[in-house]
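Participant: Contents of work-v3.pdb (PDB, C-alpha atoms):
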MODEL        1
ATOM      1  CA  MET A   1     -34.157 -22.577  31.267
ATOM      2  CA  GLU A   2     -34.967 -23.648  34.837
ATOM      3  CA  ASN A   3     -31.663 -22.096  35.931
ATOM      4  CA  CYS A   4     -32.317 -18.743  34.218
ATOM      5  CA  TYR A   5     -31.315 -15.861  36.469
ATOM      6  CA  ILE A   6     -34.211 -13.716  35.270
ATOM      7  CA  LEU A   7     -36.874 -16.413  35.632
ATOM      8  CA  ARG A   8     -35.686 -17.290  39.143
ATOM      9  CA  SER A   9     -35.846 -13.649  40.268
ATOM     10  CA  CYS A  10     -38.888 -12.618  42.316
ATOM     11  CA  THR A  11     -37.898  -8.942  42.608
ATOM     12  CA  TYR A  12     -38.208  -7.650  39.045
ATOM     13  CA  GLU A  13     -41.417  -5.632  39.595
ATOM     14  CA  LYS A  14     -40.055  -4.218  42.833
ATOM     15  CA  THR A  15     -36.930  -2.854  41.169
ATOM     16  CA  ARG A  16     -39.016  -1.217  38.444
ATOM     17  CA  ASN A  17     -40.863   0.864  41.060
ATOM     18  CA  LEU A  18     -38.105   2.274  43.239
ATOM     19  CA  ALA A  19     -38.923   5.683  44.707
ATOM     20  CA  VAL A  20     -35.359   6.836  43.991
ATOM     21  CA  ASP A  21     -34.504   8.008  40.485
ATOM     22  CA  LEU A  22     -31.304   6.689  38.983
ATOM     23  CA  ARG A  23     -28.563   9.190  38.255
ATOM     24  CA  PHE A  24     -25.652   8.849  35.847
ATOM     25  CA  LYS A  25     -22.212  10.284  35.334
ATOM     26  CA  TYR A  26     -19.717   9.874  32.534
ATOM     27  CA  GLN A  27     -15.996   9.316  32.188
ATOM     28  CA  ASN A  28     -14.153  10.588  29.151
ATOM     29  CA  ILE A  29     -11.992   8.280  27.053
ATOM     30  CA  PHE A  30      -8.793   9.741  25.612
ATOM     31  CA  SER A  31      -6.438   9.011  22.762
ATOM     32  CA  THR A  32      -2.994   7.726  23.732
ATOM     33  CA  LYS A  33      -1.585  11.216  23.080
ATOM     34  CA  VAL A  34      -2.945  12.220  26.483
ATOM     35  CA  SER A  35      -0.269  10.138  28.210
ATOM     36  CA  GLY A  36       2.329  12.709  27.184
ATOM     37  CA  ASP A  37       0.261  15.841  27.879
ATOM     38  CA  ASN A  38       0.535  17.852  31.075
ATOM     39  CA  ASN A  39      -1.795  20.697  30.109
ATOM     40  CA  ILE A  40      -5.495  20.252  30.965
ATOM     41  CA  ASP A  41      -6.549  21.957  27.741
ATOM     42  CA  ASP A  42      -4.517  19.451  25.734
ATOM     43  CA  LYS A  43      -6.336  16.643  27.543
ATOM     44  CA  ARG A  44      -9.689  17.998  26.384
ATOM     45  CA  GLN A  45      -8.451  18.034  22.796
ATOM     46  CA  ASN A  46      -7.621  14.320  23.090
ATOM     47  CA  ILE A  47     -11.113  13.181  24.164
ATOM     48  CA  ILE A  48     -12.330  10.546  21.708
ATOM     49  CA  GLY A  49     -15.436   9.256  23.501
ATOM     50  CA  ALA A  50     -17.170   8.815  26.845
ATOM     51  CA  GLU A  51     -18.649   5.999  28.921
ATOM     52  CA  LEU A  52     -21.990   6.474  30.660
ATOM     53  CA  LEU A  53     -21.867   5.123  34.232
ATOM     54  CA  LEU A  54     -24.496   4.528  36.890
ATOM     55  CA  ASP A  55     -23.861   6.779  39.902
ATOM     56  CA  PHE A  56     -23.568   4.190  42.676
ATOM     57  CA  ASN A  57     -22.654   6.767  45.303
ATOM     58  CA  TYR A  58     -25.915   8.660  44.742
ATOM     59  CA  LEU A  59     -27.966   5.486  45.261
ATOM     60  CA  LEU A  60     -26.095   4.594  48.440
ATOM     61  CA  GLU A  61     -26.598   8.124  49.764
ATOM     62  CA  GLN A  62     -30.347   7.691  49.164
ATOM     63  CA  GLY A  63     -30.366   4.530  51.283
ATOM     64  CA  VAL A  64     -30.601   2.004  48.467
ATOM     65  CA  SER A  65     -29.041  -1.278  49.586
ATOM     66  CA  HIS A  66     -26.325  -3.128  47.695
ATOM     67  CA  ALA A  67     -28.806  -5.966  47.052
ATOM     68  CA  GLU A  68     -31.285  -3.531  45.488
ATOM     69  CA  ILE A  69     -28.533  -1.984  43.365
ATOM     70  CA  ASN A  70     -27.601  -5.462  42.166
ATOM     71  CA  ASP A  71     -31.214  -6.040  41.061
ATOM     72  CA  ILE A  72     -31.396  -2.617  39.396
ATOM     73  CA  ILE A  73     -28.382  -3.581  37.281
ATOM     74  CA  SER A  74     -29.028  -7.242  36.591
ATOM     75  CA  LEU A  75     -32.756  -6.979  35.879
ATOM     76  CA  GLY A  76     -32.530  -4.146  33.386
ATOM     77  CA  GLU A  77     -33.616  -0.911  35.067
ATOM     78  CA  ALA A  78     -30.126   0.590  34.794
ATOM     79  CA  ALA A  79     -30.008  -0.390  31.109
ATOM     80  CA  HIS A  80     -33.344   1.302  30.346
ATOM     81  CA  ASP A  81     -32.267   4.495  32.096
ATOM     82  CA  ALA A  82     -28.853   4.470  30.408
ATOM     83  CA  ILE A  83     -30.628   4.390  27.050
ATOM     84  CA  ASP A  84     -32.654   7.428  28.159
ATOM     85  CA  TYR A  85     -29.550   9.328  29.284
ATOM     86  CA  ALA A  86     -27.231   8.440  26.383
ATOM     87  CA  SER A  87     -28.283  11.317  24.131
ATOM     88  CA  GLN A  88     -26.863  13.767  26.692
ATOM     89  CA  LEU A  89     -23.403  12.638  25.543
ATOM     90  CA  ALA A  90     -24.032  13.192  21.837
ATOM     91  CA  ASN A  91     -21.290  15.832  21.721
ATOM     92  CA  LYS A  92     -18.687  13.165  22.565
ATOM     93  CA  GLY A  93     -18.771  11.493  19.153
ATOM     94  CA  ILE A  94     -18.597   7.938  20.543
ATOM     95  CA  VAL A  95     -20.872   6.955  23.444
ATOM     96  CA  PHE A  96     -20.414   3.772  25.483
ATOM     97  CA  ILE A  97     -23.322   2.374  27.501
ATOM     98  CA  ASN A  98     -23.287  -0.771  29.634
ATOM     99  CA  LEU A  99     -25.448  -3.866  29.324
ATOM    100  CA  GLU A 100     -25.304  -6.918  31.547
ATOM    101  CA  ARG A 101     -25.347 -10.399  30.074
ATOM    102  CA  SER A 102     -28.646 -10.841  31.927
ATOM    103  CA  ASN A 103     -30.062  -7.910  29.911
ATOM    104  CA  LEU A 104     -29.404  -9.678  26.626
ATOM    105  CA  CYS A 105     -32.541 -11.823  26.796
ATOM    106  CA  ASP A 106     -34.745  -8.735  27.214
ATOM    107  CA  VAL A 107     -36.030  -8.024  23.709
ATOM    108  CA  LYS A 108     -37.396  -4.634  24.762
ATOM    109  CA  ILE A 109     -33.912  -3.510  25.827
ATOM    110  CA  LEU A 110     -32.347  -4.854  22.635
ATOM    111  CA  ASN A 111     -34.858  -3.042  20.424
ATOM    112  CA  ARG A 112     -34.421   0.197  22.363
ATOM    113  CA  VAL A 113     -30.653  -0.100  21.849
ATOM    114  CA  ILE A 114     -31.160  -0.576  18.117
ATOM    115  CA  THR A 115     -33.416   2.490  17.953
ATOM    116  CA  LEU A 116     -30.913   4.554  19.947
ATOM    117  CA  ASN A 117     -28.133   3.434  17.616
ATOM    118  CA  GLU A 118     -30.155   4.545  14.584
ATOM    119  CA  VAL A 119     -31.001   7.922  16.147
ATOM    120  CA  LEU A 120     -27.414   8.679  17.176
ATOM    121  CA  SER A 121     -26.004   7.571  13.835
ATOM    122  CA  THR A 122     -28.173  10.139  12.031
ATOM    123  CA  ILE A 123     -26.293  12.914  13.875
ATOM    124  CA  GLY A 124     -22.879  11.328  13.349
ATOM    125  CA  VAL A 125     -22.540   9.743  16.804
ATOM    126  CA  GLN A 126     -21.419   6.147  17.260
ATOM    127  CA  LEU A 127     -23.054   4.068  19.983
ATOM    128  CA  VAL A 128     -20.996   1.302  21.574
ATOM    129  CA  VAL A 129     -22.703  -1.252  23.792
ATOM    130  CA  GLU A 130     -20.317  -2.487  26.452
ATOM    131  CA  ILE A 131     -21.059  -6.012  27.680
ATOM    132  CA  THR A 132     -19.940  -6.118  31.294
ATOM    133  CA  GLU A 133     -17.848  -8.816  32.908
ATOM    134  CA  ARG A 134     -20.518  -9.827  35.461
ATOM    135  CA  ASN A 135     -22.023 -13.170  34.509
ATOM    136  CA  TYR A 136     -25.256 -13.943  36.330
ATOM    137  CA  CYS A 137     -26.417 -16.281  33.583
ATOM    138  CA  GLY A 138     -23.541 -18.714  33.074
ATOM    139  CA  ARG A 139     -23.404 -20.265  29.613
ATOM    140  CA  CYS A 140     -26.698 -19.311  27.979
ATOM    141  CA  PHE A 141     -27.415 -19.546  24.249
ATOM    142  CA  ARG A 142     -29.493 -16.366  24.439
ATOM    143  CA  ILE A 143     -26.304 -14.346  24.951
ATOM    144  CA  ILE A 144     -24.968 -15.358  21.537
ATOM    145  CA  GLN A 145     -28.414 -14.865  19.999
ATOM    146  CA  ALA A 146     -28.574 -11.316  21.366
ATOM    147  CA  LEU A 147     -25.048 -10.420  20.227
ATOM    148  CA  THR A 148     -25.872 -11.735  16.760
ATOM    149  CA  TYR A 149     -29.118  -9.744  16.729
ATOM    150  CA  LEU A 150     -27.386  -6.503  17.714
ATOM    151  CA  LYS A 151     -24.621  -7.010  15.145
ATOM    152  CA  SER A 152     -27.217  -7.577  12.423
ATOM    153  CA  PHE A 153     -28.296  -3.955  13.020
ATOM    154  CA  ASP A 154     -24.701  -2.713  12.957
ATOM    155  CA  VAL A 155     -24.547  -2.000  16.700
ATOM    156  CA  LYS A 156     -20.919  -1.720  17.825
ATOM    157  CA  LEU A 157     -19.985  -3.925  20.788
ATOM    158  CA  ALA A 158     -17.285  -3.708  23.435
ATOM    159  CA  CYS A 159     -16.057  -6.511  25.683
ATOM    160  CA  ASP A 160     -15.456  -5.173  29.194
ATOM    161  CA  ASP A 161     -12.545  -6.266  31.417
ATOM    162  CA  TYR A 162     -11.412  -9.060  29.126
ATOM    163  CA  ASN A 163      -9.230 -11.524  31.016
ATOM    164  CA  PHE A 164      -5.998 -11.647  29.039
ATOM    165  CA  ILE A 165      -4.004 -13.315  31.839
ATOM    166  CA  GLY A 166      -2.976 -16.839  30.892
ATOM    167  CA  ARG A 167      -4.241 -16.515  27.330
ATOM    168  CA  GLU A 168      -2.522 -19.005  25.049
ATOM    169  CA  GLN A 169      -0.393 -17.209  22.474
ATOM    170  CA  GLY A 170      -1.289 -17.860  18.855
ATOM    171  CA  VAL A 171      -4.910 -18.801  19.621
ATOM    172  CA  TYR A 172      -7.638 -16.293  18.766
ATOM    173  CA  ASP A 173     -10.780 -15.980  20.868
ATOM    174  CA  VAL A 174     -13.430 -16.630  18.230
ATOM    175  CA  LYS A 175     -16.173 -14.712  20.071
ATOM    176  CA  LEU A 176     -13.928 -11.651  20.316
ATOM    177  CA  LEU A 177     -13.245 -11.775  16.597
ATOM    178  CA  LEU A 178     -16.851 -12.347  15.527
ATOM    179  CA  TYR A 179     -18.763  -9.972  17.793
ATOM    180  CA  TYR A 180     -16.660  -7.302  19.437
ATOM    181  CA  ASP A 181     -15.344  -4.089  17.909
ATOM    182  CA  TYR A 182     -13.729  -2.803  21.117
ATOM    183  CA  ILE A 183     -11.876  -4.670  23.861
ATOM    184  CA  LYS A 184     -11.402  -3.050  27.263
ATOM    185  CA  LEU A 185      -8.527  -4.225  29.454
ATOM    186  CA  GLU A 186      -8.111  -3.355  33.111
ATOM    187  CA  MET A 187      -4.676  -1.877  33.712
ATOM    188  CA  PRO A 188      -2.568  -4.557  35.479
ATOM    189  CA  VAL A 189      -0.076  -3.958  38.285
ATOM    190  CA  GLY A 190       2.647  -6.619  38.133
ATOM    191  CA  GLU A 191       5.409  -6.639  35.526
ATOM    192  CA  ASP A 192       4.490 -10.110  34.255
ATOM    193  CA  ASP A 193       0.863  -9.093  33.759
ATOM    194  CA  VAL A 194       1.913  -5.906  31.956
ATOM    195  CA  ASN A 195       4.025  -8.024  29.619
ATOM    196  CA  SER A 196       1.049 -10.329  29.018
ATOM    197  CA  MET A 197      -1.098  -7.323  28.241
ATOM    198  CA  ASN A 198       1.476  -5.986  25.775
ATOM    199  CA  GLU A 199       1.475  -9.331  23.995
ATOM    200  CA  PHE A 200      -2.329  -9.378  23.892
ATOM    201  CA  VAL A 201      -2.488  -5.846  22.490
ATOM    202  CA  GLU A 202       0.097  -6.683  19.837
ATOM    203  CA  TYR A 203      -1.936  -9.737  18.881
ATOM    204  CA  TYR A 204      -5.394  -8.114  18.714
ATOM    205  CA  GLY A 205      -4.677  -4.399  18.399
ATOM    206  CA  THR A 206      -4.468  -4.348  14.609
ATOM    207  CA  GLU A 207      -7.996  -5.780  14.301
ATOM    208  CA  LYS A 208      -9.813  -4.400  17.355
ATOM    209  CA  ASN A 209      -9.938  -1.089  19.188
ATOM    210  CA  ILE A 210      -8.170  -1.669  22.506
ATOM    211  CA  ILE A 211      -8.968   0.538  25.507
ATOM    212  CA  LEU A 212      -6.881   0.442  28.679
ATOM    213  CA  GLU A 213      -9.027   1.416  31.645
ATOM    214  CA  LYS A 214      -8.753   2.034  35.401
ATOM    215  CA  ILE A 215      -5.517   3.960  34.970
ATOM    216  CA  GLU A 216      -4.984   5.673  38.329
ATOM    217  CA  VAL A 217      -1.721   7.488  37.515
ATOM    218  CA  ASN A 218      -0.027   8.158  34.202
ATOM    219  CA  GLU A 219       3.176   6.421  35.386
ATOM    220  CA  GLN A 220       1.385   3.069  35.116
ATOM    221  CA  LEU A 221       1.958   3.331  31.363
ATOM    222  CA  ASN A 222       5.747   3.540  31.607
ATOM    223  CA  ASN A 223       6.246  -0.053  30.425
ATOM    224  CA  VAL A 224       3.203  -0.267  28.189
ATOM    225  CA  ASN A 225       3.471  -0.400  24.406
ATOM    226  CA  LEU A 226       0.758   1.980  23.203
ATOM    227  CA  ASN A 227       1.316   1.507  19.467
ATOM    228  CA  ASN A 228      -1.822  -0.619  19.018
ATOM    229  CA  VAL A 229      -3.877   0.927  21.827
ATOM    230  CA  TRP A 230      -6.912   2.958  20.717
ATOM    231  CA  GLY A 231      -7.862   4.699  23.966
ATOM    232  CA  LEU A 232      -7.078   5.341  27.634
ATOM    233  CA  GLN A 233      -9.547   5.672  30.496
ATOM    234  CA  GLY A 234      -9.234   6.217  34.236
ATOM    235  CA  PHE A 235      -9.005   8.634  37.145
ATOM    236  CA  ALA A 236      -5.580   9.757  35.913
ATOM    237  CA  TYR A 237      -7.388  11.679  33.150
ATOM    238  CA  CYS A 238     -11.028  12.052  34.244
ATOM    239  CA  LYS A 239     -12.578  11.531  37.697
ATOM    240  CA  GLY A 240     -16.117  11.294  36.335
ATOM    241  CA  ILE A 241     -18.650  14.062  35.632
ATOM    242  CA  CYS A 242     -22.226  13.953  36.948
ATOM    243  CA  LEU A 243     -25.068  14.439  34.493
ATOM    244  CA  PRO A 244     -28.209  16.414  35.372
ATOM    245  CA  LYS A 245     -31.362  14.493  36.157
ATOM    246  CA  ASN A 246     -33.114  13.336  33.011
ATOM    247  CA  CYS A 247     -36.256  15.461  32.726
ATOM    248  CA  ARG A 248     -38.030  12.826  30.635
ATOM    249  CA  ARG A 249     -38.364  10.471  33.600
TER     250      ARG A 249
ENDMDL
END
Let me see the file written as structure tokens.

Facilitator:
Amino acid sequence: MENCYILRSCTYEKTRNLAVDLRFKYQNIFSTKVSGDNNIDDKRQNIIGAELLLDFNYLLEQGVSHAEINDIISLGEAAHDAIDYASQLANKGIVFINLERSNLCDVKILNRVITLNEVLSTIGVQLVVEITERNYCGRCFRIIQALTYLKSFDVKLACDDYNFIGREQGVYDVKLLLYYDYIKLEMPVGEDDVNSMNEFVEYYGTEKNIILEKIEVNEQLNNVNLNNVWGLQGFAYCKGICLPKNCRR
């Protein structure tokens, strides 16, 4: 525990009292049918969910430093505000919010997520908690404890930016199988990496919901097998839409 990122931080209270309010935007997630649609109205019909995103540009415009933004994210303030904002996306059907691994030892955040999940489920909305790729904490047993705790309350989990490059064929990632309902893959560039991604999707796509993200142009999908892909996300389909300031803050 002496190496715990949270315990070593001396800036937690400071980040909880920033003069600048956090703002959020969202990016729609589309079914794979959108890859063949050219009409904007058809794209709207293919929306299957949305991801809530911290508006970094707004913070930078307000003079918040990159170091302060890093603390806002890693020490939980962004997570608390995302929970507050999530209900604004209730019309999307499936709402993704982001948690850092460093947030997973914060019991208050975990319990607020569970409450949010229960509230949204009563109106037919599915909450998905996306565990980001940033790893401030290294290998910490509290991460597995938190994932187990969330799953015990039927909270859906997504693994963000899973590294499929170099994955050994025929070997399942046990943590993916046990904890995650969605797997998000960053759209690769090179032909070899696209082939690796296709193999990964074929391997996991029948058991997990695969989302390809950071798609800049639709042509990136020309050599991608979409048969086992659940959703598509990126600037090619949605640039991001700003949400109004949360009045409850």

Participant: Using the chain letters and numbers from the file, give me the residues hit by the PyMOL selection byres ((chain A and resi 161) around 8), as a VMD selection string.

Facilitator: chain A and resid 132 to 133 159 to 160 162 to 163 183 to 186

Participant: Between atom CA of A:Ile48 and atom CA of A:Cys242, what distance in Å does the model show, to one decimal?

Facilitator: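 So the two atoms, atom CA of A:Ile48 and atom CA of A:Cys242, lie 18.5 Å apart.
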
Participant: Could you list, as a PyMOL selection string, every residue matched by the PyMOL selection byres ((chain A and resi 100) around 7) in this structure?

Facilitator: chain A and resi 74+98-99+101-104+131-132+134

Participant: Counting all atoms listed in the file, which residue out of A:Asn70, A:Ser65, A:Asn57, A:Ser196 sits closest to A:Lys25?

Facilitator: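 Selected residue with least distance to A:Lys25: A:Asn57.
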
Participant: Once you add 8 Å to each side, what are the centre and edge lengths of the axis-aligned box holding all listed atoms of stretch 156-165 of chain A? One decimal in Å, as lines of an AutoDock Vina configuration file, if you can.

Facilitator:
center_x = -12.5
center_y = -7.5
center_z = 24.8
size_x = 32.9
size_y = 27.6
size_z = 30.0

Participant: From the list A:Val34, A:Val189, A:Ala158, A:Leu53, which residue is nearest A:Asn218 when using all atoms listed in the file?

Facilitator: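 The shortest atom-to-atom distance to A:Asn218 comes from A:Val34.
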
Participant: Name every residue that the PyMOL selection byres ((chain A and resi 243) around 12) selects in this structure, writing the answer as JSON, numbers by chain with chains first and numbers rising.

Facilitator: {"A": [22, 23, 24, 25, 26, 27, 51, 52, 53, 54, 55, 58, 82, 85, 86, 87, 88, 89, 240, 241, 242, 244, 245, 246, 247]}

Participant: Write out as a list of chain:residue names the residues lying within 10 Å of A:Ser152, counting all atoms listed in the file and excluding same-chain residues fewer than 5 positions away.

Facilitator: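 My list of contacting residues is A:Ile114, A:Ala146, A:Leu147.
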
Participant: Would you compute the distance between atom CA of A:Gln233 and atom CA of A:Glu191? Give it in Å to one decimal.

Facilitator: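 If I compute the distance from atom CA of A:Gln233 to atom CA of A:Glu191, I get 20.0 Å.
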
Participant: Which residue is closest to A:Leu127? Choose from A:Glu61, A:Glu199, A:Gly49, A:Ala67 and count all atoms listed in the file.

Facilitator: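 Answer, going by the shortest atom-to-atom distance: A:Gly49.
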
Participant: Mind giving me the straight-line distance from atom CA of A:Ala90 to atom CA of A:Leu75 in Å, one decimal?

Facilitator: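 Taking atom CA of A:Ala90 as the start and atom CA of A:Leu75 as the end point, the length is 26.1 Å.
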
Participant: Using only C-alpha atoms, which residue out of A:Leu60, A:Met187, A:Ile29, A:Ile97 lies closest to A:Asn46?

Facilitator: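 Of A:Leu60, A:Met187, A:Ile29, A:Ile97, the one nearest A:Asn46, counting only C-alpha atoms, is A:Ile29.
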
Participant: Using only C-alpha atoms, find the one residue out of A:Ala236, A:Val95, A:Asp192, A:Asn209 that sits nearest to A:Asn223.

Facilitator: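 The answer is A:Asp192, which sits nearest to A:Asn223.
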
Participant: May I have the protein, DNA and RNA residues with any atom at most 7 Å from the point (-7.3, -11.8, 16.9), counting all atoms listed in the file, written as a PyMOL selection string?

Facilitator: chain A and resi 172-173+177+203-204+207

Participant: Let me make sure I understand: among A:Val174, A:Ala50, A:Val113, A:Leu221, which one has the smallest atom-to-atom distance to A:Asp81 if we use only C-alpha atoms?

Facilitator: A:Val113

Participant: As an MDAnalysis selection string, please: the residues near A:Arg112 (cut-off 9 Å, all atoms listed in the file, same-chain neighbours under 5 positions excluded).

Facilitator: chainID A and resid 80 83 107 117

Participant: Using all atoms listed in the file, which protein or nucleic acid residues come within 8 Å of A:Asn228? Drop anything in the same chain fewer than 5 positions from it, and give the result as a list in words.

Facilitator: Val201, Glu202, Gly205, Thr206 and Ile210 of chain A
